[in-house]
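J.: Got a structure for you, written out below as structure tokens; questions coming shortly.
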Amino acid sequence: MSMTAFALATALSGLPDITWERERGEDAHQLMLCQIHRDELMQDDAKNDAYQRARAVCDLLAREYRNKWDFDAQEALAASAVDLDELIRRGDLIEVPPTKRDRAYE
């Protein structure tokens, strides 16, 4: 591993623990339960007021889920926010020149 990658890994290791996986799973589970309940109401009577309300709630949950967990948009935002050259200039990262051993792998 090159020293630059090692320095970057060391700097990033201080970030807080990632708990998004659990939160995303809980949100997906809540949405799925809502959709199951909505589908059960639809089979009983599609014109029922309870079905219409369940449908509206499921649509709202689906929009919130998509907005919160749309990783393509989040990754694009994160990629644009991280500029290694700027981090090095600010002193948040340290550029370490490669050793002879590292150069042998290039």
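As shown in the structure tokens, the chain order sets the letters A, B, ...; within each chain, residues go from 1, and ligands are also counted from 1 in the order they appear.
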Counting only C-alpha atoms, what is within 9 Å of Gln30 in chain A, bar same-chain residues fewer than 5 positions away, as number ranges by chain?
T.: A: 25, 35, 61
J.: Take the residues that were just selected and, keeping N, CA and C atoms, output them as a short mmCIF file (atom, residue, chain, number, x, y, z; two decimals), in the first residue's frame.
T.:
data_model
loop_
_atom_site.label_atom_id
_atom_site.label_comp_id
_atom_site.auth_asym_id
_atom_site.auth_seq_id
_atom_site.Cartn_x
_atom_site.Cartn_y
_atom_site.Cartn_z
N GLY A 25 -32.16 -0.11 6.75
CA GLY A 25 -32.93 -1.33 6.91
C GLY A 25 -34.25 -1.08 7.63
N GLN A 35 -46.67 -1.08 2.72
CA GLN A 35 -47.14 -1.58 1.43
C GLN A 35 -47.95 -2.86 1.59
N LEU A 61 -44.04 7.72 2.41
CA LEU A 61 -42.87 6.98 2.89
C LEU A 61 -41.93 6.62 1.75
#
J.: By how many Å are CA of His37 in chain A and CA of Thr19 in chain A apart?
T.: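 Computed distance, CA of His37 in chain A to CA of Thr19 in chain A, equals 27.8 Å.
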J.: Quick one: residues within 12 Å of Arg53 in chain A, only C-alpha atoms, excluding same-chain residues fewer than 4 positions away - as a ChimeraX atom specification?
T.: /A:34-35,37-38,41-42,46-49,57-60
J.: Could you write out that same residue set with C-alpha atoms as a PDB file, in the first residue's frame?
T.:
ATOM      1  CA  CYS A  34     -46.942  -0.128   4.943  1.00  0.00           C
ATOM      2  CA  GLN A  35     -47.141  -1.575   1.426  1.00  0.00           C
ATOM      3  CA  HIS A  37     -51.045  -3.295   4.811  1.00  0.00           C
ATOM      4  CA  ARG A  38     -52.064  -1.145   1.828  1.00  0.00           C
ATOM      5  CA  LEU A  41     -56.812  -3.093   2.267  1.00  0.00           C
ATOM      6  CA  MET A  42     -56.901  -2.956  -1.544  1.00  0.00           C
ATOM      7  CA  ALA A  46     -60.284  -0.467  -3.179  1.00  0.00           C
ATOM      8  CA  LYS A  47     -62.759   2.389  -2.684  1.00  0.00           C
ATOM      9  CA  ASN A  48     -62.465   2.219   1.097  1.00  0.00           C
ATOM     10  CA  ASP A  49     -61.286   5.424   2.812  1.00  0.00           C
ATOM     11  CA  VAL A  57     -48.998   7.250   3.610  1.00  0.00           C
ATOM     12  CA  CYS A  58     -47.113   4.641   1.552  1.00  0.00           C
ATOM     13  CA  ASP A  59     -46.511   7.159  -1.223  1.00  0.00           C
ATOM     14  CA  LEU A  60     -45.141   9.617   1.340  1.00  0.00           C
TER      15      LEU A  60
END
J.: Using only C-alpha atoms, pick whichever of A:Pro98, A:Ala50, A:Trp20, A:Ala56 has the shortest atom-to-atom distance to Trp69 in chain A.
T.: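 Closest candidate: A:Trp20.
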J.: CA of Ile36 in chain A and CA of Glu23 in chain A are how many Å apart?
T.: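 Between CA of Ile36 in chain A and CA of Glu23 in chain A the gap is 20.0 Å.
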J.: As an exercise, work out the distance from CA of His29 in chain A to CA of Tyr65 in chain A in Å and give it to one decimal place.
T.: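 If I compute the distance from CA of His29 in chain A to CA of Tyr65 in chain A, I get 10.8 Å.
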